[in-house]
Structure formats: structure tokens, C-alpha cells
>>> print(open('work06.pdb').read())   # PDB, C-alpha atoms, pLDDT in the B column
ATOM      1  CA  MET A1150     100.439 115.443  90.358  1.00 51.00           C
ATOM      2  CA  THR A1151     102.793 112.477  90.211  1.00 61.00           C
ATOM      3  CA  THR A1152     105.440 111.451  92.691  1.00 88.00           C
ATOM      4  CA  LYS A1153     108.362 109.048  92.518  1.00 94.00           C
ATOM      5  CA  ASN A1154     106.354 106.324  94.264  1.00 96.00           C
ATOM      6  CA  LYS A1155     103.370 106.736  91.931  1.00 96.00           C
ATOM      7  CA  ASP A1156     105.749 106.737  88.971  1.00 95.00           C
ATOM      8  CA  LEU A1157     107.300 103.504  90.267  1.00 97.00           C
ATOM      9  CA  MET A1158     103.848 101.900  90.425  1.00 97.00           C
ATOM     10  CA  ALA A1159     103.008 103.136  86.929  1.00 96.00           C
ATOM     11  CA  ARG A1160     106.186 101.378  85.704  1.00 96.00           C
ATOM     12  CA  TYR A1161     105.180  98.227  87.621  1.00 97.00           C
ATOM     13  CA  PHE A1162     101.822  98.078  85.844  1.00 97.00           C
ATOM     14  CA  GLN A1163     103.029  99.177  82.402  1.00 97.00           C
ATOM     15  CA  GLU A1164     106.366  97.408  82.050  1.00 97.00           C
ATOM     16  CA  ALA A1165     105.810  94.284  84.145  1.00 96.00           C
ATOM     17  CA  TRP A1166     102.098  93.535  83.771  1.00 96.00           C
ATOM     18  CA  ASN A1167     101.210  95.123  80.427  1.00 97.00           C
ATOM     19  CA  GLU A1168     104.461  94.452  78.563  1.00 96.00           C
ATOM     20  CA  GLY A1169     105.302  91.186  80.348  1.00 95.00           C
ATOM     21  CA  ARG A1170     108.837  92.312  81.200  1.00 96.00           C
ATOM     22  CA  LEU A1171     109.415  90.184  84.290  1.00 96.00           C
ATOM     23  CA  ASP A1172     113.055  91.304  84.438  1.00 96.00           C
ATOM     24  CA  VAL A1173     111.924  94.784  85.531  1.00 97.00           C
ATOM     25  CA  LEU A1174     110.675  93.252  88.792  1.00 97.00           C
ATOM     26  CA  ASP A1175     114.303  92.823  89.890  1.00 97.00           C
ATOM     27  CA  GLU A1176     114.606  96.600  89.711  1.00 97.00           C
ATOM     28  CA  LEU A1177     111.248  97.518  91.278  1.00 97.00           C
ATOM     29  CA  ILE A1178     110.834  94.922  94.050  1.00 98.00           C
ATOM     30  CA  ALA A1179     113.030  94.602  97.128  1.00 97.00           C
ATOM     31  CA  PRO A1180     114.681  91.237  97.897  1.00 96.00           C
ATOM     32  CA  ASP A1181     112.739  91.075 101.194  1.00 95.00           C
ATOM     33  CA  PHE A1182     109.391  91.968  99.541  1.00 95.00           C
ATOM     34  CA  VAL A1183     106.369  90.353 101.230  1.00 93.00           C
ATOM     35  CA  ASN A1184     103.125  89.566  99.388  1.00 92.00           C
ATOM     36  CA  HIS A1185     100.202  89.688 101.844  1.00 90.00           C
ATOM     37  CA  ASN A1186      97.664  88.346  99.321  1.00 82.00           C
ATOM     38  CA  PRO A1187      95.824  85.519 101.133  1.00 72.00           C
ATOM     39  CA  ALA A1188      94.711  84.012  97.801  1.00 74.00           C
ATOM     40  CA  ILE A1189      98.306  82.985  97.055  1.00 75.00           C
ATOM     41  CA  PRO A1190      99.939  81.859 100.323  1.00 75.00           C
ATOM     42  CA  GLY A1191     103.449  80.545 100.734  1.00 79.00           C
ATOM     43  CA  LEU A1192     105.176  82.526  98.011  1.00 82.00           C
ATOM     44  CA  PRO A1193     108.883  83.222  98.385  1.00 88.00           C
ATOM     45  CA  ASN A1194     109.886  86.768  99.237  1.00 91.00           C
ATOM     46  CA  GLY A1195     111.296  89.164  96.675  1.00 94.00           C
ATOM     47  CA  PRO A1196     110.823  89.333  92.917  1.00 95.00           C
ATOM     48  CA  GLU A1197     111.010  85.541  92.618  1.00 94.00           C
ATOM     49  CA  GLY A1198     107.669  85.292  94.432  1.00 92.00           C
ATOM     50  CA  VAL A1199     105.982  87.666  91.970  1.00 93.00           C
ATOM     51  CA  LYS A1200     107.400  86.404  88.673  1.00 95.00           C
ATOM     52  CA  PRO A1201     105.460  83.084  88.577  1.00 92.00           C
ATOM     53  CA  ILE A1202     102.187  84.905  89.288  1.00 91.00           C
ATOM     54  CA  MET A1203     102.728  87.353  86.438  1.00 94.00           C
ATOM     55  CA  ALA A1204     104.007  84.632  84.118  1.00 95.00           C
ATOM     56  CA  GLY A1205     100.888  82.535  84.804  1.00 94.00           C
ATOM     57  CA  PHE A1206      98.521  85.405  84.103  1.00 95.00           C
ATOM     58  CA  ARG A1207     100.443  86.464  80.989  1.00 96.00           C
ATOM     59  CA  ALA A1208     100.468  82.871  79.666  1.00 97.00           C
ATOM     60  CA  GLY A1209      96.704  82.594  80.113  1.00 97.00           C
ATOM     61  CA  PHE A1210      95.948  86.125  78.923  1.00 98.00           C
ATOM     62  CA  PRO A1211      98.697  87.240  76.499  1.00 97.00           C
ATOM     63  CA  ASP A1212      96.841  90.488  75.745  1.00 97.00           C
ATOM     64  CA  LEU A1213      96.413  91.293  79.453  1.00 97.00           C
ATOM     65  CA  ARG A1214      96.234  95.006  80.167  1.00 98.00           C
ATOM     66  CA  PHE A1215      95.984  96.828  83.476  1.00 97.00           C
ATOM     67  CA  ASP A1216      94.613 100.362  83.390  1.00 98.00           C
ATOM     68  CA  ILE A1217      95.174 102.570  86.417  1.00 98.00           C
ATOM     69  CA  GLU A1218      91.878 104.223  87.321  1.00 98.00           C
ATOM     70  CA  ASP A1219      92.991 106.034  90.502  1.00 96.00           C
ATOM     71  CA  GLN A1220      96.115 106.320  92.632  1.00 96.00           C
ATOM     72  CA  ILE A1221      96.475 107.737  96.112  1.00 96.00           C
ATOM     73  CA  GLU A1222      99.742 108.183  97.943  1.00 95.00           C
ATOM     74  CA  GLU A1223      99.990 108.508 101.700  1.00 94.00           C
ATOM     75  CA  GLY A1224     103.408 108.391 103.320  1.00 94.00           C
ATOM     76  CA  ASP A1225     105.247 105.289 102.079  1.00 96.00           C
ATOM     77  CA  ARG A1226     102.128 103.651 100.592  1.00 97.00           C
ATOM     78  CA  VAL A1227     100.526 103.894  97.169  1.00 97.00           C
ATOM     79  CA  VAL A1228      96.949 102.703  96.644  1.00 98.00           C
ATOM     80  CA  THR A1229      96.023 101.823  93.070  1.00 98.00           C
ATOM     81  CA  ARG A1230      92.523 101.104  91.783  1.00 98.00           C
ATOM     82  CA  PHE A1231      92.801  99.275  88.482  1.00 97.00           C
ATOM     83  CA  THR A1232      90.826  97.539  85.778  1.00 97.00           C
ATOM     84  CA  ALA A1233      92.394  94.487  84.151  1.00 97.00           C
ATOM     85  CA  ARG A1234      91.237  93.169  80.782  1.00 98.00           C
ATOM     86  CA  GLY A1235      92.356  90.248  78.693  1.00 98.00           C
ATOM     87  CA  THR A1236      91.366  87.293  76.531  1.00 98.00           C
ATOM     88  CA  GLN A1237      92.107  83.800  77.778  1.00 98.00           C
ATOM     89  CA  THR A1238      93.881  82.177  74.850  1.00 98.00           C
ATOM     90  CA  GLY A1239      96.262  80.089  76.971  1.00 97.00           C
ATOM     91  CA  GLU A1240      95.942  77.785  79.964  1.00 96.00           C
ATOM     92  CA  PHE A1241      95.223  79.622  83.217  1.00 94.00           C
ATOM     93  CA  MET A1242      95.209  77.941  86.634  1.00 90.00           C
ATOM     94  CA  GLY A1243      94.642  74.594  84.937  1.00 93.00           C
ATOM     95  CA  ILE A1244      91.738  75.984  82.888  1.00 95.00           C
ATOM     96  CA  PRO A1245      92.096  75.258  79.165  1.00 96.00           C
ATOM     97  CA  PRO A1246      91.835  78.263  76.827  1.00 97.00           C
ATOM     98  CA  THR A1247      88.256  79.504  76.549  1.00 97.00           C
ATOM     99  CA  GLY A1248      88.766  82.387  74.133  1.00 97.00           C
ATOM    100  CA  LYS A1249      86.664  84.506  76.489  1.00 97.00           C
ATOM    101  CA  ARG A1250      87.449  88.098  77.308  1.00 98.00           C
ATOM    102  CA  VAL A1251      87.397  89.114  80.965  1.00 97.00           C
ATOM    103  CA  GLU A1252      87.319  92.443  82.741  1.00 97.00           C
ATOM    104  CA  VAL A1253      87.923  92.717  86.456  1.00 96.00           C
ATOM    105  CA  GLY A1254      88.598  95.510  88.898  1.00 96.00           C
ATOM    106  CA  GLY A1255      90.757  95.568  91.960  1.00 95.00           C
ATOM    107  CA  ILE A1256      92.598  97.645  94.484  1.00 97.00           C
ATOM    108  CA  GLN A1257      96.094  97.124  95.747  1.00 96.00           C
ATOM    109  CA  ILE A1258      98.378  98.814  98.231  1.00 98.00           C
ATOM    110  CA  GLU A1259     102.149  98.839  98.027  1.00 97.00           C
ATOM    111  CA  ARG A1260     104.578 100.028 100.667  1.00 98.00           C
ATOM    112  CA  ILE A1261     107.640 101.536  99.053  1.00 97.00           C
ATOM    113  CA  VAL A1262     110.980 102.119 100.765  1.00 97.00           C
ATOM    114  CA  ASP A1263     114.068 103.575  99.099  1.00 95.00           C
ATOM    115  CA  GLY A1264     112.542 103.253  95.627  1.00 96.00           C
ATOM    116  CA  LYS A1265     111.585  99.561  95.978  1.00 97.00           C
ATOM    117  CA  ILE A1266     108.274  97.835  96.645  1.00 98.00           C
ATOM    118  CA  VAL A1267     108.621  96.060 100.013  1.00 97.00           C
ATOM    119  CA  GLU A1268     105.027  94.992 100.787  1.00 96.00           C
ATOM    120  CA  HIS A1269     101.880  94.289  98.780  1.00 95.00           C
ATOM    121  CA  TRP A1270      98.189  93.869  99.627  1.00 94.00           C
ATOM    122  CA  ARG A1271      95.567  93.241  96.954  1.00 92.00           C
ATOM    123  CA  VAL A1272      91.816  92.742  96.679  1.00 90.00           C
ATOM    124  CA  SER A1273      90.423  91.790  93.286  1.00 90.00           C
ATOM    125  CA  ASP A1274      87.365  90.049  91.915  1.00 90.00           C
ATOM    126  CA  ASP A1275      88.886  86.593  91.437  1.00 89.00           C
ATOM    127  CA  LEU A1276      85.430  84.982  91.432  1.00 91.00           C
ATOM    128  CA  GLY A1277      84.445  87.402  88.662  1.00 93.00           C
ATOM    129  CA  ILE A1278      87.316  86.099  86.516  1.00 94.00           C
ATOM    130  CA  LEU A1279      86.177  82.492  86.971  1.00 93.00           C
ATOM    131  CA  THR A1280      82.550  83.433  86.305  1.00 95.00           C
ATOM    132  CA  GLN A1281      83.434  85.301  83.103  1.00 96.00           C
ATOM    133  CA  LEU A1282      85.479  82.292  81.953  1.00 96.00           C
ATOM    134  CA  GLY A1283      82.423  80.084  82.533  1.00 94.00           C
ATOM    135  CA  VAL A1284      84.178  77.950  85.159  1.00 92.00           C
ATOM    136  CA  VAL A1285      81.652  78.781  87.893  1.00 87.00           C
ATOM    137  CA  GLY A1286      77.979  79.748  87.639  1.00 78.00           C
ATOM    138  CA  SER A1287      76.956  83.370  87.509  1.00 61.00           C
TER
END
>>> encode(input="work06.pdb", output="C-alpha cells")
Amino acid sequence: MTTKNKDLMARYFQEAWNEGRLDVLDELIAPDFVNHNPAIPGLPNGPEGVKPIMAGFRAGFPDLRFDIEDQIEEGDRVVTRFTARGTQTGEFMGIPPTGKRVEVGGIQIERIVDGKIVEHWRVSDDLGILTQLGVVGS
């Protein structure tokens, strides 16, 4: 069973992450959106705080694909468990292209109000990405 909030999150992953359409973030994310991800502190609120993150990942991994494994909705929150896969053929976080393929899982929670994402929390295996790229030891 899908709901409007789950459908919104499916669009977020498909159109923004998978297709690289950063313009869709203006439609999906509220101007006062807050990203609670401690790995990336100090980002501006709203879509402008998300666009550079997505652009950086898409530049490093042009074939990046997020697959939704599970989604749970409770009240105004949607929890998404995902698997992300891509090949690093561009620079990523100062790391020159390695040509290596990575696969990483994660879970994120979005709070959605009036059809817009207003808050975001995420836990993903960032160390796993760096290990698969050969930047840190396994």
C-alpha cells in the first residue's frame, strides 16, 4: 500500500538521486528544511542545502542508483531503508576517480508536512564507501 508521503519519497529517490534532477528538490523540500545528518554539519536550510550534496555524489558516481528496500510510514514520518550502488568515475570528496564500484546500505527518516520534506535524519555506511574505494583499510 502506498501513501502520498511514501510516493513523495519514491520521487525523491528516483527523480533527484537516480536521475540527477536537482530542480525537483525545489518542489519536494520545504524552504525551512533541516538536515540533521551529523556527518555534514552547517548546511543551509531548504533545497539549497541538499543540492550540493547530491551534485557531489552524482559527479563522483554518475551511475549512482538508490533502490528502496523497505519503507515504513508512521504519522508525518517516512522511514526508508535503501541500497545505493555506483561506480566512482569522477572526483568524490577530493578522491580522484578509482573506477571502483561501491554498494552501501542506509536508513533515513523524513518528516513531511503539507507535501514537503521538512526534516531529514540519515544513517549510512560512509566508512564502507571509503573502504570499497580503497581509501581506508578494510
>>> closest_residue(input="work06.pdb", among="A:Leu1276, A:Ile1256, A:Ile1202, A:Val1262", to="A:Ile1217", atoms="only C-alpha atoms")
A:Ile1256
>>> residues_around(input="work06.pdb", residues="A:Pro1180", least_positions_apart="4", cutoff="12 Å", atoms="all atoms listed in the file", output="ChimeraX atom specification")
/A:1174-1176,1184,1193-1199,1262,1265-1268
>>> resolve_selection(input="work06.pdb", expression="the PyMOL selection byres ((chain A and resi 1214) around 7)", output="JSON, numbers by chain")
{"A": [1167, 1212, 1213, 1215, 1216, 1233, 1234, 1235]}
>>> residues_around(input="work06.pdb", residues="A:Gln1237", least_positions_apart="2", cutoff="7 Å", atoms="all atoms listed in the file", output="ChimeraX atom specification")
/A:1209-1210,1235,1239,1246-1250
>>> residues_around(input="work06.pdb", residues="A:Met1158", least_positions_apart="2", cutoff="9 Å", atoms="only C-alpha atoms", output="list in words")
Lys1153, Asn1154, Lys1155, Asp1156, Arg1160, Tyr1161, Phe1162, Gln1163, Leu1177, Val1227, Thr1229, Glu1259 and Ile1266 of chain A
>>> atom_distance(input="work06.pdb", atom1="atom CA of A:Val1272", atom2="atom CA of A:Gly1191")
17.3 Å
>>> closest_residue(input="work06.pdb", among="A:Leu1279, A:Leu1192, A:Ile1261, A:Leu1171", to="A:Thr1152", atoms="only C-alpha atoms")
A:Ile1261
>>> atom_distance(input="work06.pdb", atom1="atom CA of A:Glu1168", atom2="atom CA of A:Glu1252")
17.8 Å
>>> atom_distance(input="work06.pdb", atom1="atom CA of A:Glu1218", atom2="atom CA of A:Phe1231")
5.2 Å
>>> residues_around(input="work06.pdb", residues="A:Val1285", least_positions_apart="4", cutoff="12 Å", atoms="only C-alpha atoms", output="CSV table (one decimal) with C-alpha atoms, in the frame of the given file")
chain,number,residue,atom,x,y,z
A,1244,ILE,CA,91.7,76.0,82.9
A,1275,ASP,CA,88.9,86.6,91.4
A,1276,LEU,CA,85.4,85.0,91.4
A,1277,GLY,CA,84.4,87.4,88.7
A,1278,ILE,CA,87.3,86.1,86.5
A,1279,LEU,CA,86.2,82.5,87.0
A,1280,THR,CA,82.6,83.4,86.3
A,1281,GLN,CA,83.4,85.3,83.1
>>> closest_residue(input="work06.pdb", among="A:Arg1170, A:His1185, A:Arg1230, A:Lys1200", to="A:Val1253", atoms="all atoms listed in the file")
A:Arg1230
>>> closest_residue(input="work06.pdb", among="A:Thr1232, A:Trp1166, A:Arg1207, A:Arg1260", to="A:Asp1219", atoms="only C-alpha atoms")
A:Thr1232
>>> closest_residue(input="work06.pdb", among="A:Ala1204, A:Ile1221, A:Val1284, A:Val1251", to="A:Ala1165", atoms="all atoms listed in the file")
A:Ala1204
>>> closest_residue(input="work06.pdb", among="A:Gly1224, A:Ile1258, A:Pro1211, A:Gly1264", to="A:Thr1238", atoms="only C-alpha atoms")
A:Pro1211
>>> resolve_selection(input="work06.pdb", expression="the PyMOL selection byres ((chain A and resi 1242) around 9)", output="list in words")
Gly1205, Phe1206, Gly1209, Glu1240, Phe1241, Gly1243, Ile1244 and Pro1245 of chain A
>>> write_last_selection(input="work06.pdb", atoms="C-alpha atoms", output="short mmCIF file (atom, residue, chain, number, x, y, z; two decimals), in the frame of the given file")
data_model
loop_
_atom_site.label_atom_id
_atom_site.label_comp_id
_atom_site.auth_asym_id
_atom_site.auth_seq_id
_atom_site.Cartn_x
_atom_site.Cartn_y
_atom_site.Cartn_z
CA GLY A 1205 100.89 82.54 84.80
CA PHE A 1206 98.52 85.40 84.10
CA GLY A 1209 96.70 82.59 80.11
CA GLU A 1240 95.94 77.78 79.96
CA PHE A 1241 95.22 79.62 83.22
CA GLY A 1243 94.64 74.59 84.94
CA ILE A 1244 91.74 75.98 82.89
CA PRO A 1245 92.10 75.26 79.17
#
